[in-house]
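K.L.:
I'd like to ask you about the structure that follows.
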Amino acid sequence: MSDALLMGVDVGTTGAKAAIFDQRGRLLGLGRSEYGVRRVRPGWAEQDPENWWRAVCASVREALAAVPEGPARVGGVAVSSQAPTMLPLDGGGRPVRPALIWMDRRADGEASLLADALGWSEVERITGNRPDPFYVAPKLLWFRTHEPREFANTATFVQANGYVNWRLTGVHSMDEVHASLLQLRDRRTGEWSSELCEACGVTPEAFPPVRPCHEALGEVTVEAAEATGLRRGTPVMVGTVDGAAAAMEAGAVEPGVAAEMTGTSTVLLIPNRDRIVEPALIAMPHAVPGVDLLLGATAASGANLVWFRDQFGAVELEAAQKLGLDVFDLLTLEASDVPPGSGGVVFLPYMAGERASIWHTNARGAFFGLSLGTSRGALIRAILEGTAFALRHNVEVAESAGVKVREVRSVGGGTRSALWNQIKADVLGVPVLLPEASVGAPFGDAVLAGMGLGLYPDPEETLRDLVCLRARYEPNLDHRALYDGLYSVFRNVYEHVREDFDVLARVEASNREEGAT
C-alpha cells in the first residue's frame, strides 16, 4: 500500500464526480457526469437512483482513464453524497420509488405533526436539530401516509452514497454523519430514538448498521468492476456526507476555521469540540473523529445563477459554447462592471424556499430596489451579494451560539469566481481562503479511503499536512459600511414580507386544487 492511489467519489445534487489522488493529496485524475432533478410540483425534488449509478460509473471511468494503469493502482475508494435523502429499497435492493432528496419540502405538514406529537423542544433535545422536512423523519411519515403500498414493500432505507455503496459492494451501509440527519437518533447516546421511530412507523432494523465513515465496508464486486472499470476486490469505505468531506478538503477541523461549500446551494461548516447545537443551524458529527460541525445550509446559491442563465442568458450561453468558455464566467464578468451594492438592488436568494437560518419552506426569491436604470449586471451582482448576505446571517447565528469564525475556506464550483470570493470576504468581514485542491468532497473522500487503509492514523495531522492554500481574499474595509447597511435592508425585507410568502403559498395551492378539478 506504500504507493497506493486513493479515489474519492461524490454523488451531488446535479452530478457525480470522481477523483484520484496520490497519498500526498495531489490530484491525478478527475471525472464528472451530470444528471437532473425531477420537480414534480413546487417544493418537491426527486431523483432516480439509477441516474446516480450511471453517473458514478461514467465519472469513475473518466478518472481512471487519466491515470496510467489506474485500476491496478487505486488502493481504496470512499463515496460521499448530498444529504439527507429518503430512498426506500425492496428486498432485492431495488428502489421502491424515486429518492426524495434534501431539497424536497413536501413533508412540511408531517414535520409539524412530529413536533406536535413529541413536542418541538423534545425533538430538538433528542436530535440536536429542529423538526423540518429537510430531515428524513418527516419524509418517512409522508411516505407512510401517502404511499402505504410502497411503504409496506420497503425492506431498507439508504442514503445516496449508501445506494452507490450497495451497487459497488453488495453491502448496505449507513455512516455516522448521514445517520445524524435522519432525525431518528439520540444525539447524546448515539442510539435510535424509540419515540421518533415509533412516530414515523419504522424500526432501527429498517436501516443498515451505523458505522464510522472510514471503516472498510466491502470490496468492489465483479459486476461493479465491469460497470466502473475499478479492479475487482478494491476496498470500499463507508463514506460520509458531502459537506463533511468538503470540510476535510478545506482543512476545517480546528475551531475558528470554517469551510464554505458553494455549488447548487451553499453550506457553511463550522467545527467545534464542545458538541454545540443551535436550532437555527444543523448539528452533525464531522467525518473526522472527535469533531462536530454546525452547518448553515442554504437552499439555493449557485442555483440562482443557473436560473438567471436559463431565463436571461441565452446570448452568453451561445457565446460561451462558441468560445469554449464557462457561461458563468461571462455572467460574473458583467457583474464585475457594477460597483458594490448593485445600484441599490437587494436580492433575497430564497428561490427554493430556505433552510438555515430562517427555515421557511414558502419563502421565495425577490429583487428589491429595482428601477428603470437597473442593468442586467446589477441583477447578477445582486444575486452574488444576496447569497453572501445569507451566508453572513448563518455566521452571526453560529457566533451567537458560541462558535466563532475567524476565517472561511471556500471550496466548490463557486470559488471559480474571484468576484464572488471577494464579495463574501467583504460581506463577512473575515478573510476568505481557497485550498490548492479545489475539487470538493472527493478530496475528503480520498482521505477517508486512506484512513480505512491505515495510511493516515492521525487524520487531523494528515489534513494539516495535505491541505495547501493558494489564494487569500482580505475584506475591503471601504466596502464594509455599505454592506452593513445593505445587510440590514436584506434582513428587514424578508421580515416585512415573511407572512406574505405564506399567503402566496396558500393562494397557489388553492389555484392548483381548482385546476385539478
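Labels used: A, B, ... for chains in the order of the C-alpha cells, numbers from 1 for residues in each chain, and numbers from 1 for ligands as shown.
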Can you pull out every residue within 9 Å of Thr228 in chain A, counting only C-alpha atoms, but drop anything in the same chain fewer than 5 positions away, and send it as a PyMOL selection string?
P.N.:
chain A and resi 56-61+168+223
K.L.:
Name all residues at most 8 Å from range 431-447 of chain A (count only C-alpha atoms; drop same-chain ones fewer than 6 positions away) and give them as a PyMOL selection string.
P.N.:
chain A and resi 6-10+17-21+25-27+76-80+239-240+242-250+261+406-412+415+421-422+424-425+456+459+467-475
K.L.:
Kindly indicate which residue among A:Ala160, A:Ala179, A:Leu281, A:Val74 lies nearest to Glu46 in chain A, using only C-alpha atoms for the distances.
P.N.:
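Checking each candidate against Glu46 in chain A, we get A:Ala160 as the closest.
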K.L.:
Looking only at strand (DSSP E) from DSSP on the backbone, list the matching residues of range 240-326 of chain A as a list of chain:residue names.
P.N.:
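Of range 240-326 of chain A, the ones in strand (DSSP E) are A:Thr240, A:Val241, A:Gly256, A:Val257, A:Ala258, A:Ala259, A:Glu260, A:Met261, A:Thr262, A:Thr266, A:Val267, A:Leu268, A:Leu269, A:Ile270, A:Pro271, A:Asn272, A:Ile282, A:Ala283, A:Met284, A:Pro285, A:Asp292, A:Leu293, A:Leu294, A:Leu295, A:Gly296, A:Ala297.
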K.L.:
Keeping N, CA and C atoms for every residue in the selection just given, could you write it to a file as a compact mmCIF listing (two decimals), in the first residue's frame?
P.N.:
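The result, stored in result_24.txt:
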```txt
# COMPACT_ATOMS: atom_id res chain seq x y z
N THR A 240 -19.30 9.28 3.67
CA THR A 240 -19.85 10.33 4.53
C THR A 240 -20.74 11.28 3.73
N VAL A 241 -21.16 12.35 4.40
CA VAL A 241 -21.93 13.43 3.79
C VAL A 241 -20.97 14.32 3.01
N GLY A 256 -12.77 27.92 14.77
CA GLY A 256 -12.42 29.20 14.20
C GLY A 256 -12.17 29.17 12.71
N VAL A 257 -11.87 28.00 12.18
CA VAL A 257 -11.61 27.83 10.75
C VAL A 257 -12.84 27.16 10.13
N ALA A 258 -13.65 27.93 9.43
CA ALA A 258 -14.87 27.39 8.83
C ALA A 258 -14.64 27.07 7.36
N ALA A 259 -15.41 26.12 6.87
CA ALA A 259 -15.42 25.80 5.45
C ALA A 259 -16.73 26.29 4.85
N GLU A 260 -16.67 26.71 3.61
CA GLU A 260 -17.86 27.17 2.90
C GLU A 260 -17.85 26.52 1.53
N MET A 261 -18.90 25.76 1.25
CA MET A 261 -19.00 24.98 0.02
C MET A 261 -20.15 25.53 -0.81
N THR A 262 -19.83 26.14 -1.94
CA THR A 262 -20.86 26.71 -2.80
C THR A 262 -20.94 25.96 -4.11
N THR A 266 -25.32 26.66 -0.83
CA THR A 266 -24.13 26.98 -0.04
C THR A 266 -24.27 26.36 1.33
N VAL A 267 -23.21 25.71 1.78
CA VAL A 267 -23.18 25.12 3.11
C VAL A 267 -21.98 25.68 3.86
N LEU A 268 -22.23 26.30 4.98
CA LEU A 268 -21.19 26.79 5.88
C LEU A 268 -20.97 25.72 6.94
N LEU A 269 -19.72 25.29 7.12
CA LEU A 269 -19.41 24.21 8.06
C LEU A 269 -18.42 24.73 9.10
N ILE A 270 -18.87 24.76 10.35
CA ILE A 270 -18.08 25.35 11.43
C ILE A 270 -17.75 24.27 12.46
N PRO A 271 -16.47 23.90 12.59
CA PRO A 271 -16.12 22.85 13.54
C PRO A 271 -16.11 23.33 14.98
N ASN A 272 -16.40 22.42 15.89
CA ASN A 272 -16.27 22.69 17.32
C ASN A 272 -16.04 21.36 18.04
N ILE A 282 -27.77 23.39 11.58
CA ILE A 282 -27.80 21.93 11.54
C ILE A 282 -26.61 21.40 12.31
N ALA A 283 -26.85 20.51 13.24
CA ALA A 283 -25.76 19.90 14.02
C ALA A 283 -25.53 18.48 13.53
N MET A 284 -24.27 18.16 13.27
CA MET A 284 -23.92 16.79 12.88
C MET A 284 -22.46 16.54 13.23
N PRO A 285 -22.06 15.27 13.37
CA PRO A 285 -20.65 14.99 13.60
C PRO A 285 -19.83 15.23 12.34
N ASP A 292 -17.17 17.96 15.93
CA ASP A 292 -18.56 18.17 15.49
C ASP A 292 -18.64 19.37 14.57
N LEU A 293 -19.74 19.47 13.86
CA LEU A 293 -19.94 20.56 12.92
C LEU A 293 -21.29 21.22 13.16
N LEU A 294 -21.31 22.55 13.05
CA LEU A 294 -22.55 23.29 12.90
C LEU A 294 -22.63 23.74 11.45
N LEU A 295 -23.77 23.50 10.82
CA LEU A 295 -23.94 23.82 9.41
C LEU A 295 -24.97 24.92 9.24
N GLY A 296 -24.59 25.91 8.44
CA GLY A 296 -25.54 26.88 7.95
C GLY A 296 -25.79 26.57 6.49
N ALA A 297 -26.83 25.82 6.21
CA ALA A 297 -27.08 25.29 4.86
C ALA A 297 -28.21 26.06 4.20
```
K.L.:
Can you list, as a list in words, every protein, DNA or RNA residue that comes within 9 Å of Cys213 in chain A when you count only C-alpha atoms, leaving out same-chain residues fewer than 6 positions away?
P.N.:
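So, after excluding close chain neighbours, the residues are Ala78, Met174, Asp175, Glu176, Val177, Met237, Val238, Gly239, Thr240, Ala287, Val288, Leu448 and Gly452 of chain A.
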K.L.:
Next, dump the selected residues to file, keeping only N, CA and C atoms, as a PDB file, in the first residue's frame.
P.N.:
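Listing of result_14.pdb after writing:
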```pdb
ATOM      1  N   ALA A  78     -13.795   5.782  -1.328  1.00  0.00           N
ATOM      2  CA  ALA A  78     -14.861   6.192  -0.413  1.00  0.00           C
ATOM      3  C   ALA A  78     -15.812   7.099  -1.173  1.00  0.00           C
ATOM      4  N   MET A 174     -24.627   2.666   6.250  1.00  0.00           N
ATOM      5  CA  MET A 174     -25.087   3.932   6.814  1.00  0.00           C
ATOM      6  C   MET A 174     -23.943   4.480   7.657  1.00  0.00           C
ATOM      7  N   ASP A 175     -23.430   5.634   7.285  1.00  0.00           N
ATOM      8  CA  ASP A 175     -22.339   6.229   8.059  1.00  0.00           C
ATOM      9  C   ASP A 175     -22.891   7.096   9.180  1.00  0.00           C
ATOM     10  N   GLU A 176     -22.024   7.435  10.127  1.00  0.00           N
ATOM     11  CA  GLU A 176     -22.443   8.161  11.325  1.00  0.00           C
ATOM     12  C   GLU A 176     -22.966   9.560  11.014  1.00  0.00           C
ATOM     13  N   VAL A 177     -22.419  10.197   9.990  1.00  0.00           N
ATOM     14  CA  VAL A 177     -22.830  11.562   9.691  1.00  0.00           C
ATOM     15  C   VAL A 177     -24.215  11.573   9.053  1.00  0.00           C
ATOM     16  N   MET A 237     -14.767   2.075   1.464  1.00  0.00           N
ATOM     17  CA  MET A 237     -15.058   2.510   2.829  1.00  0.00           C
ATOM     18  C   MET A 237     -16.512   2.966   2.933  1.00  0.00           C
ATOM     19  N   VAL A 238     -16.987   3.187   4.143  1.00  0.00           N
ATOM     20  CA  VAL A 238     -18.391   3.515   4.375  1.00  0.00           C
ATOM     21  C   VAL A 238     -18.764   4.869   3.771  1.00  0.00           C
ATOM     22  N   GLY A 239     -17.875   5.878   3.891  1.00  0.00           N
ATOM     23  CA  GLY A 239     -18.134   7.180   3.289  1.00  0.00           C
ATOM     24  C   GLY A 239     -18.840   8.143   4.219  1.00  0.00           C
ATOM     25  N   THR A 240     -19.300   9.276   3.670  1.00  0.00           N
ATOM     26  CA  THR A 240     -19.846  10.325   4.525  1.00  0.00           C
ATOM     27  C   THR A 240     -20.736  11.282   3.732  1.00  0.00           C
ATOM     28  N   ALA A 287     -16.713  14.011   9.801  1.00  0.00           N
ATOM     29  CA  ALA A 287     -16.165  12.718   9.399  1.00  0.00           C
ATOM     30  C   ALA A 287     -14.851  12.439  10.113  1.00  0.00           C
ATOM     31  N   VAL A 288     -14.240  13.482  10.678  1.00  0.00           N
ATOM     32  CA  VAL A 288     -13.019  13.341  11.477  1.00  0.00           C
ATOM     33  C   VAL A 288     -13.430  13.033  12.912  1.00  0.00           C
ATOM     34  N   LEU A 448     -10.553   9.696   3.604  1.00  0.00           N
ATOM     35  CA  LEU A 448     -11.260   8.624   4.319  1.00  0.00           C
ATOM     36  C   LEU A 448     -10.814   7.255   3.817  1.00  0.00           C
ATOM     37  N   GLY A 452      -9.087   4.357   6.066  1.00  0.00           N
ATOM     38  CA  GLY A 452      -9.562   2.979   6.117  1.00  0.00           C
ATOM     39  C   GLY A 452      -8.477   1.970   5.793  1.00  0.00           C
TER      40      GLY A 452
END
```
K.L.:
What lies within 7 Å of Tyr350 in chain A using only C-alpha atoms, ignoring chain neighbours under 4 positions off, as a PyMOL selection string?
P.N.:
chain A and resi 300+354+363-365
K.L.:
Could you write out the selected residues, including C-alpha atoms, as a PDB file, in the first residue's frame?
P.N.:
```
ATOM      1  CA  ALA A 300     -30.044  27.887  -3.315  1.00  0.00           C
ATOM      2  CA  GLU A 354     -34.865  28.309   2.648  1.00  0.00           C
ATOM      3  CA  ALA A 363     -40.014  31.805   1.215  1.00  0.00           C
ATOM      4  CA  ARG A 364     -39.238  32.853  -2.350  1.00  0.00           C
ATOM      5  CA  GLY A 365     -36.688  34.945  -4.213  1.00  0.00           C
TER       6      GLY A 365
END
```
K.L.:
Which residues, written as a PyMOL selection string, have at least one atom at most 9 Å from range 489-495 of chain A, with only C-alpha atoms counted and residues fewer than 4 positions away on the same chain left out?
P.N.:
chain A and resi 346-348+363+368+386+389-390+393+484-485+499
K.L.:
Give me a file of those residues, with N, CA and C atoms, as a JSON list (two decimals), in the first residue's frame.
P.N.:
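That gives us result-v1.json:
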```
[["chain", "number", "residue", "atom", "x", "y", "z"],
["A", 346, "VAL", "N", -31.29, 44.77, -3.83],
["A", 346, "VAL", "CA", -31.04, 43.72, -2.85],
["A", 346, "VAL", "C", -31.82, 42.48, -3.27],
["A", 347, "PHE", "N", -31.16, 41.33, -3.25],
["A", 347, "PHE", "CA", -31.77, 40.07, -3.70],
["A", 347, "PHE", "C", -31.98, 39.14, -2.53],
["A", 348, "LEU", "N", -33.19, 38.64, -2.38],
["A", 348, "LEU", "CA", -33.48, 37.54, -1.45],
["A", 348, "LEU", "C", -33.27, 36.23, -2.20],
["A", 363, "ALA", "N", -40.79, 30.63, 1.62],
["A", 363, "ALA", "CA", -40.01, 31.80, 1.22],
["A", 363, "ALA", "C", -39.67, 31.70, -0.27],
["A", 368, "PHE", "N", -35.30, 43.52, -4.68],
["A", 368, "PHE", "CA", -35.86, 44.70, -4.02],
["A", 368, "PHE", "C", -35.03, 45.92, -4.42],
["A", 386, "GLY", "N", -26.59, 38.81, -2.51],
["A", 386, "GLY", "CA", -27.68, 38.25, -1.70],
["A", 386, "GLY", "C", -27.31, 36.92, -1.08],
["A", 389, "PHE", "N", -25.07, 37.65, 1.78],
["A", 389, "PHE", "CA", -25.82, 38.11, 2.95],
["A", 389, "PHE", "C", -26.42, 36.93, 3.71],
["A", 390, "ALA", "N", -26.95, 35.93, 2.98],
["A", 390, "ALA", "CA", -27.49, 34.74, 3.64],
["A", 390, "ALA", "C", -26.39, 34.00, 4.39],
["A", 393, "HIS", "N", -25.72, 35.83, 7.60],
["A", 393, "HIS", "CA", -26.76, 35.54, 8.59],
["A", 393, "HIS", "C", -26.42, 34.27, 9.36],
["A", 484, "ASP", "N", -22.79, 46.64, 5.40],
["A", 484, "ASP", "CA", -23.53, 46.59, 6.67],
["A", 484, "ASP", "C", -24.93, 47.17, 6.50],
["A", 485, "GLY", "N", -25.01, 48.30, 5.79],
["A", 485, "GLY", "CA", -26.32, 48.91, 5.56],
["A", 485, "GLY", "C", -27.22, 48.07, 4.69],
["A", 499, "GLU", "N", -44.78, 36.87, 6.16],
["A", 499, "GLU", "CA", -46.14, 36.34, 6.20],
["A", 499, "GLU", "C", -46.77, 36.35, 4.81]]
```
K.L.:
When you look at Ala509 in chain A with a cut-off of 12 Å (counting only C-alpha atoms), what residues show up, excluding the ones that are within fewer than 4 positions of it in the same chain? I need them as a ChimeraX atom specification.
P.N.:
/A:41-43,362,502-505,513-516
K.L.:
Write out as an MDAnalysis selection string all residues of range 118-319 of chain A that DSSP puts in helix (DSSP H, G or I) for this structure's backbone.
P.N.:
chainID A and resid 118 120:127 136:146 148:152 160:169 176:180 194:200 204:206 222:228 242:249 302:312 314:319
K.L.:
Export C-alpha atoms of the chosen residues as a PDB file, in the first residue's frame?
P.N.:
```
ATOM      1  CA  LEU A 118     -43.461  14.755  20.654  1.00  0.00           C
ATOM      2  CA  TRP A 120     -40.866  20.816  19.350  1.00  0.00           C
ATOM      3  CA  SER A 121     -38.318  21.165  22.149  1.00  0.00           C
ATOM      4  CA  GLU A 122     -38.252  17.408  22.719  1.00  0.00           C
ATOM      5  CA  VAL A 123     -37.308  16.728  19.090  1.00  0.00           C
ATOM      6  CA  GLU A 124     -34.548  19.321  19.413  1.00  0.00           C
ATOM      7  CA  ARG A 125     -33.389  17.810  22.708  1.00  0.00           C
ATOM      8  CA  ILE A 126     -33.189  14.292  21.293  1.00  0.00           C
ATOM      9  CA  THR A 127     -31.660  15.026  17.890  1.00  0.00           C
ATOM     10  CA  VAL A 136     -35.607  12.113   6.735  1.00  0.00           C
ATOM     11  CA  ALA A 137     -38.095  11.533   9.582  1.00  0.00           C
ATOM     12  CA  PRO A 138     -40.876  13.803   8.204  1.00  0.00           C
ATOM     13  CA  LYS A 139     -40.359  12.333   4.733  1.00  0.00           C
ATOM     14  CA  LEU A 140     -40.811   8.834   6.177  1.00  0.00           C
ATOM     15  CA  LEU A 141     -44.090   9.909   7.737  1.00  0.00           C
ATOM     16  CA  TRP A 142     -45.191  11.407   4.398  1.00  0.00           C
ATOM     17  CA  PHE A 143     -44.220   8.184   2.613  1.00  0.00           C
ATOM     18  CA  ARG A 144     -46.149   6.003   5.067  1.00  0.00           C
ATOM     19  CA  THR A 145     -49.214   8.248   4.855  1.00  0.00           C
ATOM     20  CA  HIS A 146     -49.400   8.918   1.110  1.00  0.00           C
ATOM     21  CA  PRO A 148     -48.727   2.975   2.030  1.00  0.00           C
ATOM     22  CA  ARG A 149     -48.337   0.166  -0.524  1.00  0.00           C
ATOM     23  CA  GLU A 150     -44.794   1.229  -1.436  1.00  0.00           C
ATOM     24  CA  PHE A 151     -44.003   1.781   2.247  1.00  0.00           C
ATOM     25  CA  ALA A 152     -45.087  -1.780   3.017  1.00  0.00           C
ATOM     26  CA  ALA A 160     -27.440   8.321  -1.787  1.00  0.00           C
ATOM     27  CA  ASN A 161     -23.915   7.133  -1.008  1.00  0.00           C
ATOM     28  CA  GLY A 162     -25.419   4.035   0.606  1.00  0.00           C
ATOM     29  CA  TYR A 163     -27.085   3.156  -2.691  1.00  0.00           C
ATOM     30  CA  VAL A 164     -23.830   3.577  -4.611  1.00  0.00           C
ATOM     31  CA  ASN A 165     -22.006   1.516  -1.984  1.00  0.00           C
ATOM     32  CA  TRP A 166     -24.646  -1.193  -2.421  1.00  0.00           C
ATOM     33  CA  ARG A 167     -24.040  -1.227  -6.161  1.00  0.00           C
ATOM     34  CA  LEU A 168     -20.267  -1.308  -5.631  1.00  0.00           C
ATOM     35  CA  THR A 169     -20.086  -3.978  -2.922  1.00  0.00           C
ATOM     36  CA  GLU A 176     -22.443   8.161  11.325  1.00  0.00           C
ATOM     37  CA  VAL A 177     -22.830  11.562   9.691  1.00  0.00           C
ATOM     38  CA  HIS A 178     -25.768  10.624   7.463  1.00  0.00           C
ATOM     39  CA  ALA A 179     -27.362   8.810  10.411  1.00  0.00           C
ATOM     40  CA  SER A 180     -27.413  12.048  12.417  1.00  0.00           C
ATOM     41  CA  SER A 194     -37.795   4.778  20.107  1.00  0.00           C
ATOM     42  CA  GLU A 195     -40.166   7.766  20.288  1.00  0.00           C
ATOM     43  CA  LEU A 196     -39.185   9.160  16.888  1.00  0.00           C
ATOM     44  CA  CYS A 197     -39.020   5.760  15.183  1.00  0.00           C
ATOM     45  CA  GLU A 198     -42.465   4.849  16.501  1.00  0.00           C
ATOM     46  CA  ALA A 199     -43.898   8.194  15.380  1.00  0.00           C
ATOM     47  CA  CYS A 200     -42.624   7.541  11.839  1.00  0.00           C
ATOM     48  CA  PRO A 204     -33.986   0.537  13.587  1.00  0.00           C
ATOM     49  CA  GLU A 205     -33.918  -2.688  11.565  1.00  0.00           C
ATOM     50  CA  ALA A 206     -35.217  -0.710   8.577  1.00  0.00           C
ATOM     51  CA  VAL A 222     -17.316  -8.494 -10.369  1.00  0.00           C
ATOM     52  CA  GLU A 223     -20.419  -6.697 -11.675  1.00  0.00           C
ATOM     53  CA  ALA A 224     -19.320  -3.335 -10.280  1.00  0.00           C
ATOM     54  CA  ALA A 225     -15.830  -3.790 -11.700  1.00  0.00           C
ATOM     55  CA  GLU A 226     -17.295  -4.320 -15.165  1.00  0.00           C
ATOM     56  CA  ALA A 227     -19.520  -1.252 -14.798  1.00  0.00           C
ATOM     57  CA  THR A 228     -16.961   1.170 -13.332  1.00  0.00           C
ATOM     58  CA  ASP A 242     -20.551  15.698   1.062  1.00  0.00           C
ATOM     59  CA  GLY A 243     -20.311  18.656   3.433  1.00  0.00           C
ATOM     60  CA  ALA A 244     -18.125  16.789   5.910  1.00  0.00           C
ATOM     61  CA  ALA A 245     -15.862  15.613   3.090  1.00  0.00           C
ATOM     62  CA  ALA A 246     -15.629  19.165   1.720  1.00  0.00           C
ATOM     63  CA  ALA A 247     -14.707  20.451   5.169  1.00  0.00           C
ATOM     64  CA  MET A 248     -11.810  17.983   5.118  1.00  0.00           C
ATOM     65  CA  GLU A 249     -10.620  19.372   1.781  1.00  0.00           C
ATOM     66  CA  GLY A 302     -25.421  28.677  -7.493  1.00  0.00           C
ATOM     67  CA  ALA A 303     -28.925  27.505  -8.415  1.00  0.00           C
ATOM     68  CA  ASN A 304     -29.982  31.162  -8.501  1.00  0.00           C
ATOM     69  CA  LEU A 305     -27.324  31.876 -11.127  1.00  0.00           C
ATOM     70  CA  VAL A 306     -28.445  28.831 -13.094  1.00  0.00           C
ATOM     71  CA  TRP A 307     -31.999  30.215 -13.042  1.00  0.00           C
ATOM     72  CA  PHE A 308     -30.751  33.580 -14.325  1.00  0.00           C
ATOM     73  CA  ARG A 309     -28.714  31.875 -17.051  1.00  0.00           C
ATOM     74  CA  ASP A 310     -31.655  29.764 -18.187  1.00  0.00           C
ATOM     75  CA  GLN A 311     -34.107  32.666 -18.252  1.00  0.00           C
ATOM     76  CA  PHE A 312     -31.970  35.604 -19.386  1.00  0.00           C
ATOM     77  CA  ALA A 314     -29.217  32.805 -23.949  1.00  0.00           C
ATOM     78  CA  VAL A 315     -26.715  35.145 -25.618  1.00  0.00           C
ATOM     79  CA  GLU A 316     -23.980  34.386 -23.074  1.00  0.00           C
ATOM     80  CA  LEU A 317     -24.699  30.684 -23.279  1.00  0.00           C
ATOM     81  CA  GLU A 318     -24.305  30.694 -27.052  1.00  0.00           C
ATOM     82  CA  ALA A 319     -21.129  32.798 -26.845  1.00  0.00           C
TER      83      ALA A 319
END
```
K.L.:
Using only C-alpha atoms, which of A:Gly170, A:Gly353, A:Gly119, A:Gly75 sits nearest Phe134 in chain A?
P.N.:
A:Gly353
K.L.:
Work out how far apart CA of Asn394 in chain A and CA of Ala418 in chain A are and give it in Å to one decimal.
P.N.:
21.8 Å
K.L.:
Out of A:Ala352, A:Ser2, A:Gly93, A:Pro208, which residue has the shortest atom-to-atom distance to Trp44 in chain A when counting only C-alpha atoms?
P.N.:
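Using only C-alpha atoms, Trp44 in chain A sits closest to A:Ala352.
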K.L.:
So, counting only C-alpha atoms, which residue among A:Arg130, A:Arg73, A:His214, A:Arg512 is closest to Gly454 in chain A?
P.N.:
A:His214
K.L.:
My list of candidates is A:Leu330, A:Leu114, A:Ala449, A:Ala155. Which is closest to Pro88 in chain A when distances are computed with only C-alpha atoms?
P.N.:
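Among the listed residues, the smallest separation from Pro88 in chain A belongs to A:Ala155.
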K.L.:
Quick one: distance from CA of Leu463 in chain A to CA of Glu399 in chain A in Å, one decimal?
P.N.:
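If I compute the distance from CA of Leu463 in chain A to CA of Glu399 in chain A, I get 24.7 Å.
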K.L.:
Would you list the contacts of Asp329 in chain A as a list of chain:residue names, taking every protein, DNA or RNA residue within 9 Å and counting only C-alpha atoms, but skipping same-chain residues closer than 5 positions in sequence?
P.N.:
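Near neighbours after the sequence-gap exclusion: A:Ala320, A:Glu334, A:Arg416, A:Ser417.
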K.L.:
Please produce a file of those selected residues containing N, CA and C atoms, as a PDB file, in the first residue's frame.
P.N.:
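Generated file (again_31.pdb):
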```
ATOM      1  N   ALA A 320     -20.526  31.410 -24.938  1.00  0.00           N
ATOM      2  CA  ALA A 320     -19.644  30.523 -24.178  1.00  0.00           C
ATOM      3  C   ALA A 320     -19.399  29.224 -24.931  1.00  0.00           C
ATOM      4  N   GLU A 334     -19.800  40.412 -16.355  1.00  0.00           N
ATOM      5  CA  GLU A 334     -20.757  41.510 -16.496  1.00  0.00           C
ATOM      6  C   GLU A 334     -21.055  42.141 -15.139  1.00  0.00           C
ATOM      7  N   ARG A 416     -14.594  29.510  -8.382  1.00  0.00           N
ATOM      8  CA  ARG A 416     -14.024  29.930  -9.673  1.00  0.00           C
ATOM      9  C   ARG A 416     -14.233  31.417  -9.929  1.00  0.00           C
ATOM     10  N   SER A 417     -15.147  32.041  -9.213  1.00  0.00           N
ATOM     11  CA  SER A 417     -15.424  33.458  -9.400  1.00  0.00           C
ATOM     12  C   SER A 417     -14.655  34.281  -8.372  1.00  0.00           C
TER      13      SER A 417
END
```
K.L.:
So which one's closest to Gly218 in chain A, A:Pro255, A:Glu69, A:Thr189, A:Val171? Using only C-alpha atoms, please.
P.N.:
A:Val171
